[in-house]
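What follows is the content of entry_20.cif, which has mmCIF, C-alpha atoms:
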data_input
#
loop_
_atom_site.label_atom_id
_atom_site.label_comp_id
_atom_site.auth_asym_id
_atom_site.auth_seq_id
_atom_site.Cartn_x
_atom_site.Cartn_y
_atom_site.Cartn_z
CA ASP A 178 -1.18 16.35 0.60
CA VAL A 179 -2.64 12.93 1.18
CA LYS A 180 -4.73 12.75 4.28
CA VAL A 181 -5.54 9.53 6.07
CA THR A 182 -7.68 10.15 9.10
CA GLN A 183 -8.35 7.69 11.88
CA SER A 184 -11.39 8.64 13.89
CA SER A 185 -10.13 7.65 17.32
CA ARG A 186 -6.64 8.20 18.67
CA TYR A 187 -7.11 6.58 22.06
CA LEU A 188 -9.69 4.02 23.07
CA VAL A 189 -10.23 1.90 26.15
CA LYS A 190 -12.63 -1.00 25.75
CA ARG A 191 -13.72 -3.91 27.86
CA THR A 192 -13.10 -7.54 27.03
CA GLY A 193 -15.91 -8.86 24.86
CA GLU A 194 -16.96 -5.48 23.50
CA LYS A 195 -17.36 -4.90 19.79
CA VAL A 196 -14.91 -2.29 18.62
CA PHE A 197 -14.97 -0.22 15.43
CA LEU A 198 -11.91 1.61 14.16
CA GLU A 199 -12.70 3.97 11.32
CA CYS A 200 -10.38 5.28 8.65
CA VAL A 201 -11.00 7.78 5.86
CA GLN A 202 -8.67 8.85 3.05
CA ASP A 203 -9.15 11.81 0.77
CA MET A 204 -7.01 10.88 -2.25
CA ASP A 205 -9.31 8.46 -4.06
CA HIS A 206 -6.89 5.61 -3.42
CA GLU A 207 -8.01 2.15 -4.42
CA ASN A 208 -6.00 0.30 -1.80
CA MET A 209 -6.48 0.60 1.92
CA PHE A 210 -4.80 -1.29 4.74
CA TRP A 211 -5.03 -2.00 8.43
CA TYR A 212 -1.82 -2.75 10.30
CA ARG A 213 -1.14 -3.58 13.88
CA GLN A 214 2.05 -2.36 15.52
CA ASP A 215 3.59 -3.99 18.59
CA PRO A 216 7.00 -3.37 20.18
CA GLY A 217 9.65 -5.64 18.74
CA LEU A 218 7.32 -6.94 16.05
CA GLY A 219 7.11 -3.99 13.70
CA LEU A 220 3.98 -3.56 11.60
CA ARG A 221 1.90 -6.55 10.71
CA LEU A 222 -0.85 -6.52 8.11
CA ILE A 223 -4.30 -7.46 9.35
CA TYR A 224 -6.44 -6.90 6.25
CA PHE A 225 -6.35 -4.90 3.09
CA SER A 226 -8.88 -3.85 0.50
CA TYR A 227 -8.23 -3.13 -3.17
CA ASP A 228 -11.70 -1.91 -4.03
CA VAL A 229 -15.10 -1.22 -2.56
CA LYS A 230 -16.52 -4.35 -0.92
CA MET A 231 -13.31 -6.23 -1.70
CA LYS A 232 -11.00 -7.43 1.04
CA GLU A 233 -8.15 -9.83 1.56
CA LYS A 234 -6.61 -11.27 4.68
CA GLY A 235 -3.19 -10.16 5.70
CA ASP A 236 -0.79 -11.92 8.03
CA ILE A 237 -2.84 -11.76 11.24
CA PRO A 238 -6.58 -11.58 10.41
CA GLU A 239 -7.78 -13.76 13.28
CA GLY A 240 -10.14 -11.91 15.59
CA TYR A 241 -10.68 -9.07 13.11
CA SER A 242 -12.99 -8.24 10.26
CA VAL A 243 -13.20 -5.25 7.92
CA SER A 244 -15.74 -3.32 5.95
CA ARG A 245 -15.34 -1.16 2.86
CA GLU A 246 -18.70 0.16 1.72
CA LYS A 247 -17.29 3.36 0.22
CA LYS A 248 -13.99 3.92 -1.52
CA GLU A 249 -12.76 6.48 0.98
CA ARG A 250 -13.63 4.56 4.13
CA PHE A 251 -12.16 1.37 5.56
CA SER A 252 -13.29 0.07 8.93
CA LEU A 253 -11.61 -2.44 11.20
CA ILE A 254 -13.91 -4.41 13.48
CA LEU A 255 -13.03 -6.39 16.56
CA GLU A 256 -16.10 -8.56 17.05
CA SER A 257 -15.25 -9.43 20.65
CA ALA A 258 -12.24 -7.55 21.93
CA SER A 259 -9.64 -9.44 23.92
CA THR A 260 -6.71 -8.20 25.98
CA ASN A 261 -4.22 -9.54 23.43
CA GLN A 262 -5.65 -7.07 20.94
CA THR A 263 -4.31 -4.18 22.98
CA SER A 264 -2.08 -2.48 20.45
CA MET A 265 -1.56 0.44 18.14
CA TYR A 266 -3.54 0.21 14.90
CA LEU A 267 -2.48 2.01 11.77
CA CYS A 268 -4.61 2.61 8.71
CA ALA A 269 -2.98 3.30 5.37
CA SER A 270 -3.85 3.86 1.73
CA ARG A 271 -2.10 3.98 -1.62
CA GLU A 272 -2.75 4.25 -5.31
CA GLN A 273 -3.40 1.18 -7.41
CA SER A 274 0.00 1.19 -9.08
CA TRP A 275 3.39 0.88 -7.42
CA SER A 276 4.96 2.84 -10.23
CA SER A 277 7.31 5.74 -9.58
CA GLY A 278 7.90 4.49 -6.06
CA ASN A 279 4.58 5.77 -4.81
CA THR A 280 4.24 4.84 -1.25
CA ILE A 281 1.73 3.93 1.39
CA TYR A 282 0.32 6.85 3.37
CA PHE A 283 -0.52 6.29 6.98
CA GLY A 284 -2.94 7.73 9.46
CA GLU A 285 -1.83 8.87 12.90
CA GLY A 286 -2.69 5.60 14.57
CA SER A 287 -5.26 4.44 17.09
CA TRP A 288 -4.07 3.28 20.49
CA LEU A 289 -6.46 0.60 21.71
CA THR A 290 -6.40 -0.75 25.25
CA VAL A 291 -8.63 -3.71 26.10
CA VAL A 292 -9.17 -4.22 29.82
CA ALA B 184 12.24 -16.15 6.87
CA GLN B 185 12.04 -12.47 7.63
CA LYS B 186 11.66 -10.29 4.59
CA ILE B 187 13.17 -7.26 6.31
CA THR B 188 15.71 -7.37 9.11
CA GLN B 189 16.71 -4.44 11.26
CA THR B 190 19.31 -5.62 13.74
CA GLN B 191 19.64 -2.44 15.79
CA PRO B 192 16.81 -2.06 18.30
CA GLY B 193 18.28 1.25 19.47
CA MET B 194 20.91 3.71 18.34
CA PHE B 195 22.37 6.87 19.83
CA VAL B 196 24.00 9.69 17.90
CA GLN B 197 25.44 13.02 18.88
CA GLU B 198 23.69 16.05 17.47
CA LYS B 199 25.22 17.18 14.14
CA GLU B 200 26.86 13.81 13.57
CA ALA B 201 25.89 11.31 10.86
CA VAL B 202 24.27 7.98 11.68
CA THR B 203 23.60 4.81 9.70
CA LEU B 204 20.59 2.63 10.36
CA ASP B 205 20.94 -0.89 9.03
CA CYS B 206 18.43 -2.81 6.95
CA THR B 207 18.80 -6.08 5.09
CA TYR B 208 16.11 -7.69 2.99
CA ASP B 209 15.27 -11.03 1.51
CA THR B 210 13.51 -11.50 -1.80
CA SER B 211 13.82 -13.61 -4.91
CA ASP B 212 11.82 -11.11 -6.95
CA PRO B 213 14.12 -9.22 -9.38
CA SER B 214 11.93 -6.14 -9.15
CA TYR B 215 11.24 -4.63 -5.76
CA GLY B 216 11.26 -1.35 -3.88
CA LEU B 217 12.67 -0.31 -0.55
CA PHE B 218 11.30 2.38 1.75
CA TRP B 219 12.25 4.08 4.97
CA TYR B 220 9.72 5.57 7.34
CA LYS B 221 10.10 7.69 10.45
CA GLN B 222 7.68 7.35 13.34
CA PRO B 223 7.88 10.07 16.01
CA SER B 224 6.33 9.53 19.42
CA SER B 225 3.07 10.98 18.06
CA GLY B 226 2.59 7.74 16.14
CA GLU B 227 2.26 8.86 12.54
CA MET B 228 4.42 7.12 9.94
CA ILE B 229 6.31 9.58 7.78
CA PHE B 230 7.68 8.46 4.43
CA LEU B 231 11.35 9.43 4.07
CA ILE B 232 12.94 7.84 1.04
CA TYR B 233 12.48 5.23 -1.67
CA GLN B 234 14.89 3.05 -3.69
CA GLY B 235 13.85 0.92 -6.63
CA SER B 236 15.76 -2.28 -7.32
CA TYR B 237 16.69 -1.11 -10.81
CA ASP B 238 17.73 2.39 -9.78
CA GLN B 239 21.36 2.92 -10.66
CA GLN B 240 22.00 5.64 -8.14
CA ASN B 241 21.47 5.66 -4.41
CA ALA B 242 18.41 7.66 -3.43
CA THR B 243 18.84 10.93 -1.56
CA GLU B 244 16.29 13.26 0.02
CA GLY B 245 17.80 16.20 1.83
CA ARG B 246 19.72 14.88 4.84
CA TYR B 247 18.56 11.32 4.14
CA SER B 248 20.37 8.97 1.80
CA LEU B 249 19.92 5.30 1.16
CA ASN B 250 23.06 3.20 0.85
CA PHE B 251 21.81 0.51 -1.51
CA GLN B 252 24.05 -2.53 -1.90
CA LYS B 253 22.11 -4.91 -4.09
CA ALA B 254 24.51 -7.84 -3.97
CA ARG B 255 24.51 -7.74 -0.19
CA LYS B 256 20.76 -7.11 -0.08
CA SER B 257 21.18 -4.16 2.19
CA ALA B 258 19.47 -0.77 2.17
CA ASN B 259 20.91 1.25 5.01
CA LEU B 260 19.56 4.71 5.84
CA VAL B 261 22.14 7.42 6.41
CA ILE B 262 21.07 10.57 8.23
CA SER B 263 23.60 13.37 8.02
CA ALA B 264 23.94 16.24 10.48
CA SER B 265 21.54 14.72 13.02
CA GLN B 266 19.05 17.00 14.71
CA LEU B 267 17.15 16.57 17.96
CA GLY B 268 13.96 16.22 15.93
CA ASP B 269 15.37 13.10 14.29
CA SER B 270 14.79 11.16 17.51
CA ALA B 271 12.14 8.60 16.52
CA MET B 272 11.54 5.03 15.45
CA TYR B 273 12.72 4.23 11.94
CA PHE B 274 11.27 1.43 9.86
CA CYS B 275 12.64 -0.16 6.73
CA ALA B 276 10.07 -1.69 4.38
CA MET B 277 9.97 -3.52 1.08
CA ARG B 278 7.44 -4.16 -1.64
CA GLU B 279 7.78 -6.92 -4.19
CA ASP B 280 6.54 -6.74 -7.76
CA ASP B 281 4.78 -10.05 -7.76
CA GLY B 282 1.42 -8.35 -7.65
CA ALA B 283 1.30 -8.15 -3.89
CA ASN B 284 -0.29 -5.06 -2.44
CA ASN B 285 1.56 -5.07 0.80
CA LEU B 286 4.69 -3.59 2.28
CA PHE B 287 6.80 -5.81 4.51
CA PHE B 288 8.19 -3.98 7.52
CA GLY B 289 11.17 -4.53 9.77
CA THR B 290 10.95 -4.35 13.54
CA GLY B 291 12.34 -0.84 13.63
CA THR B 292 15.27 1.04 15.15
CA ARG B 293 14.79 3.66 17.83
CA LEU B 294 17.16 6.54 17.22
CA THR B 295 17.99 8.95 20.01
CA VAL B 296 19.86 12.14 19.19
CA ILE B 297 21.91 13.43 22.10
CA PRO B 298 22.42 17.19 22.48
#
What would you get if you wrote out this structure as structure tokens?
Amino acid sequence: DVKVTQSSRYLVKRTGEKVFLECVQDMDHENMFWYRQDPGLGLRLIYFSYDVKMKEKGDIPEGYSVSREKKERFSLILESASTNQTSMYLCASREQSWSSGNTIYFGEGSWLTVV
Amino acid sequence: AQKITQTQPGMFVQEKEAVTLDCTYDTSDPSYGLFWYKQPSSGEMIFLIYQGSYDQQNATEGRYSLNFQKARKSANLVISASQLGDSAMYFCAMREDDGANNLFFGTGTRLTVIP
């Protein structure tokens, strides 16, 4: 089975702190994603990466950055956390090709509260 | 315009009954794929079912079936013989075959199964 692991399930951080959310996948997937989930808004894409050191902005990249130094690891960075970044963050990965209906696999989510 | 629309914020169903969760989509791409995910209170996103735009038959996976009406651009999820464990958030999602890496998600429907 595909395993996407997010290092922290629950975090509480102070406004202005630098926050790292780590994600590791074990299926050698080329593509990795960071989503943010808020009630009534569904999942919104923050950033994705299609290869090591490659990244592209999603729909809501402001206030976030990412790092992909190794294929299996994709990190989301909040340079200076703000209260409006309190949310649930989901990491995901998938194979390069969309063929055969292969899907995105998600981690369990990280609940971040910024106070 | 929203790519995926889920108009039912919440639904209730009696245990052992069937329930339909609505999803409509918007795309001009002739080739696309539609997905349904389940998200229990634990937060993980569980892939349920996939329908390709060129698939002739409606997809089925156990108690889940996808009622795909291409002309109406709808992809409703039908859960038969509901169980208490089906209580969760359900998200409809779409990928387009224009080279994009992303899935577009709806805002979700919270299903509650009543004993």
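With distances restricted to all atoms listed in the file, B:Asn284 is the closest residue to Tyr227 of chain A from B:Thr295, B:Asn284, B:Gln252, B:Gln189.
As for atom CA of Ile232 of chain B and atom CA of Thr280 of chain A, they are spaced 9.5 Å apart.
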Item to complete: Determine, counting only C-alpha atoms, which protein, DNA and RNA residues have an atom within 8 Å of an atom of Glu199 of chain A; residues of the same chain fewer than 3 positions away are not included. Present the result as a VMD selection string.
Response: chain A and resid 183 to 185 250 to 253
Could you write out the selected residues, including C-alpha atoms, as a CSV table (one decimal), in the frame of the given file?
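Listing of result12.csv after writing:
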chain,number,residue,atom,x,y,z
A,183,GLN,CA,-8.4,7.7,11.9
A,184,SER,CA,-11.4,8.6,13.9
A,185,SER,CA,-10.1,7.6,17.3
A,250,ARG,CA,-13.6,4.6,4.1
A,251,PHE,CA,-12.2,1.4,5.6
A,252,SER,CA,-13.3,0.1,8.9
A,253,LEU,CA,-11.6,-2.4,11.2
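Nearest residue to chain A, choosing from B:Tyr247, B:Tyr233, B:Tyr273, B:Tyr220 and counting all atoms listed in the file: B:Tyr233.
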Residues of chain A at most 9 Å from chain B: nearest atom pair and distance in Å, all atoms listed in the file, as CSV:
residue,atom,partner,partner_atom,distance
A:Asn208,CA,B:Asn284,CA,7.9
A:Phe210,CA,B:Asn285,CA,8.4
A:Asp215,CA,B:Thr290,CA,8.9
A:Pro216,CA,B:Thr290,CA,7.8
A:Gly217,CA,B:Thr290,CA,5.5
A:Leu218,CA,B:Thr290,CA,5.1
A:Gly219,CA,B:Thr290,CA,3.9
A:Leu220,CA,B:Phe288,CA,5.9
A:Arg221,CA,B:Phe288,CA,7.5
A:Leu222,CA,B:Asn285,CA,7.8
A:Phe225,CA,B:Asn284,CA,8.2
A:Tyr227,CA,B:Asn284,CA,8.2
A:Gly235,CA,B:Asn285,CA,8.5
A:Met265,CA,B:Gly226,CA,8.6
A:Leu267,CA,B:Glu227,CA,8.4
A:Gln273,CA,B:Asn284,CA,8.6
A:Trp275,CA,B:Asp280,CA,8.3
A:Ser277,CA,B:Gly235,CA,8.6
A:Gly278,CA,B:Tyr233,CA,6.4
A:Asn279,CA,B:Tyr233,CA,8.5
A:Thr280,CA,B:Phe230,CA,7.6
A:Ile281,CA,B:Phe230,CA,8.1
A:Tyr282,CA,B:Phe230,CA,7.6
A:Phe283,CA,B:Met228,CA,5.8
A:Gly284,CA,B:Glu227,CA,6.1
A:Glu285,CA,B:Glu227,CA,4.1
A:Gly286,CA,B:Gly226,CA,5.9
A:Ser287,CA,B:Gly226,CA,8.6
Can those selected residues be exported to a file as an mmCIF file, keeping the file's coordinate frame so that it contains C-alpha atoms?
data_model
loop_
_atom_site.group_PDB
_atom_site.id
_atom_site.type_symbol
_atom_site.label_atom_id
_atom_site.label_comp_id
_atom_site.auth_asym_id
_atom_site.auth_seq_id
_atom_site.Cartn_x
_atom_site.Cartn_y
_atom_site.Cartn_z
ATOM 1 C CA ASN A 208 -6.000 0.300 -1.800
ATOM 2 C CA PHE A 210 -4.800 -1.290 4.740
ATOM 3 C CA ASP A 215 3.590 -3.990 18.590
ATOM 4 C CA PRO A 216 7.000 -3.370 20.180
ATOM 5 C CA GLY A 217 9.650 -5.640 18.740
ATOM 6 C CA LEU A 218 7.320 -6.940 16.050
ATOM 7 C CA GLY A 219 7.110 -3.990 13.700
ATOM 8 C CA LEU A 220 3.980 -3.560 11.600
ATOM 9 C CA ARG A 221 1.900 -6.550 10.710
ATOM 10 C CA LEU A 222 -0.850 -6.520 8.110
ATOM 11 C CA PHE A 225 -6.350 -4.900 3.090
ATOM 12 C CA TYR A 227 -8.230 -3.130 -3.170
ATOM 13 C CA GLY A 235 -3.190 -10.160 5.700
ATOM 14 C CA MET A 265 -1.560 0.440 18.140
ATOM 15 C CA LEU A 267 -2.480 2.010 11.770
ATOM 16 C CA GLN A 273 -3.400 1.180 -7.410
ATOM 17 C CA TRP A 275 3.390 0.880 -7.420
ATOM 18 C CA SER A 277 7.310 5.740 -9.580
ATOM 19 C CA GLY A 278 7.900 4.490 -6.060
ATOM 20 C CA ASN A 279 4.580 5.770 -4.810
ATOM 21 C CA THR A 280 4.240 4.840 -1.250
ATOM 22 C CA ILE A 281 1.730 3.930 1.390
ATOM 23 C CA TYR A 282 0.320 6.850 3.370
ATOM 24 C CA PHE A 283 -0.520 6.290 6.980
ATOM 25 C CA GLY A 284 -2.940 7.730 9.460
ATOM 26 C CA GLU A 285 -1.830 8.870 12.900
ATOM 27 C CA GLY A 286 -2.690 5.600 14.570
ATOM 28 C CA SER A 287 -5.260 4.440 17.090
#
Item to complete: Mind listing whatever residues come within 8 Å of the point (10.7, 7.3, 18.0)? Use only C-alpha atoms, file coordinates, and give them as a list in words.
Response: Lys221, Gln222, Pro223, Ser224, Ser270, Ala271, Met272, Tyr273, Arg293, Leu294 and Thr295 of chain B
Discussion item. One number please: atom CA of Thr290 of chain A to atom CA of Lys180 of chain A, in Å, one decimal.
Written reply: 25.0 Å
Fill in: Test item: residues at most 6 Å from Ser248 of chain B, all atoms listed in the file, excluding those fewer than 4 positions along its chain, as a VMD selection string
chain B and resid 242 to 243 260 to 261
Worksheet entry | Residue nearest Thr188 of chain B among B:Leu204, B:Asp269, B:Pro213, B:Ile297 (counting only C-alpha atoms) | B:Leu204
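The shell of residues at most 12 Å from segment 187-194 of chain A, with all atoms listed in the file counted and near chain neighbours (fewer than 6 positions) removed, consists of Gly240, Ile254, Leu255, Glu256, Ser257, Ala258, Ser259, Thr260, Asn261, Gln262, Thr263, Ser264, Met265, Tyr266, Glu285, Gly286, Ser287, Trp288, Leu289, Thr290, Val291 and Val292 of chain A; Ser225 and Gly226 of chain B.
When all atoms listed in the file are used to measure the gap to Ala258 of chain B, the shortest distance among B:Asn241, B:Asp212, B:Pro298, B:Lys199 belongs to B:Asn241.
Atom CA of Gln191 of chain B sits 13.8 Å away from atom CA of Ser257 of chain B.
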Extract, using all atoms listed in the file, all DNA, RNA and protein residues at most 8 Å from Gln202 of chain A, discarding same-chain residues fewer than 3 positions from it, and format them as a compact mmCIF listing (two decimals) with C-alpha atoms, in the frame of the given file.
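Output file out_7.txt is given in full below:
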# COMPACT_ATOMS: atom_id res chain seq x y z
CA VAL A 179 -2.64 12.93 1.18
CA LYS A 180 -4.73 12.75 4.28
CA VAL A 181 -5.54 9.53 6.07
CA THR A 182 -7.68 10.15 9.10
CA ASP A 205 -9.31 8.46 -4.06
CA HIS A 206 -6.89 5.61 -3.42
CA GLU A 249 -12.76 6.48 0.98
CA ARG A 250 -13.63 4.56 4.13
CA SER A 270 -3.85 3.86 1.73
Worksheet item: Could you spell out the hits of the PyMOL selection byres ((chain A and resi 228) around 9) on the shown file, as a ChimeraX atom specification?
Response: /A:206-209,226-227,229-232,245,247-248
Where's the centre, and what are the edge lengths in Å to one decimal, of a box along x, y and z enclosing all listed atoms of segment 286-297 of chain B padded 5 Å per side, as lines of an AutoDock Vina configuration file?
center_x = 13.3
center_y = 3.8
center_z = 12.2
size_x = 27.2
size_y = 29.2
size_z = 29.8
Fill in: Residue contacts of Pro238 of chain A (7 Å, all atoms listed in the file) excluding same-chain residues fewer than 4 positions away, as a VMD selection string
chain A and resid 223 to 224 234
Next, the residues of the selection above should be written as a PDB file, in the frame of the given file with C-alpha atoms.
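So the final result, stored in out_29.pdb, reads:
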ATOM      1  CA  ILE A 223      -4.300  -7.460   9.350  1.00  0.00           C
ATOM      2  CA  TYR A 224      -6.440  -6.900   6.250  1.00  0.00           C
ATOM      3  CA  LYS A 234      -6.610 -11.270   4.680  1.00  0.00           C
TER       4      LYS A 234
END
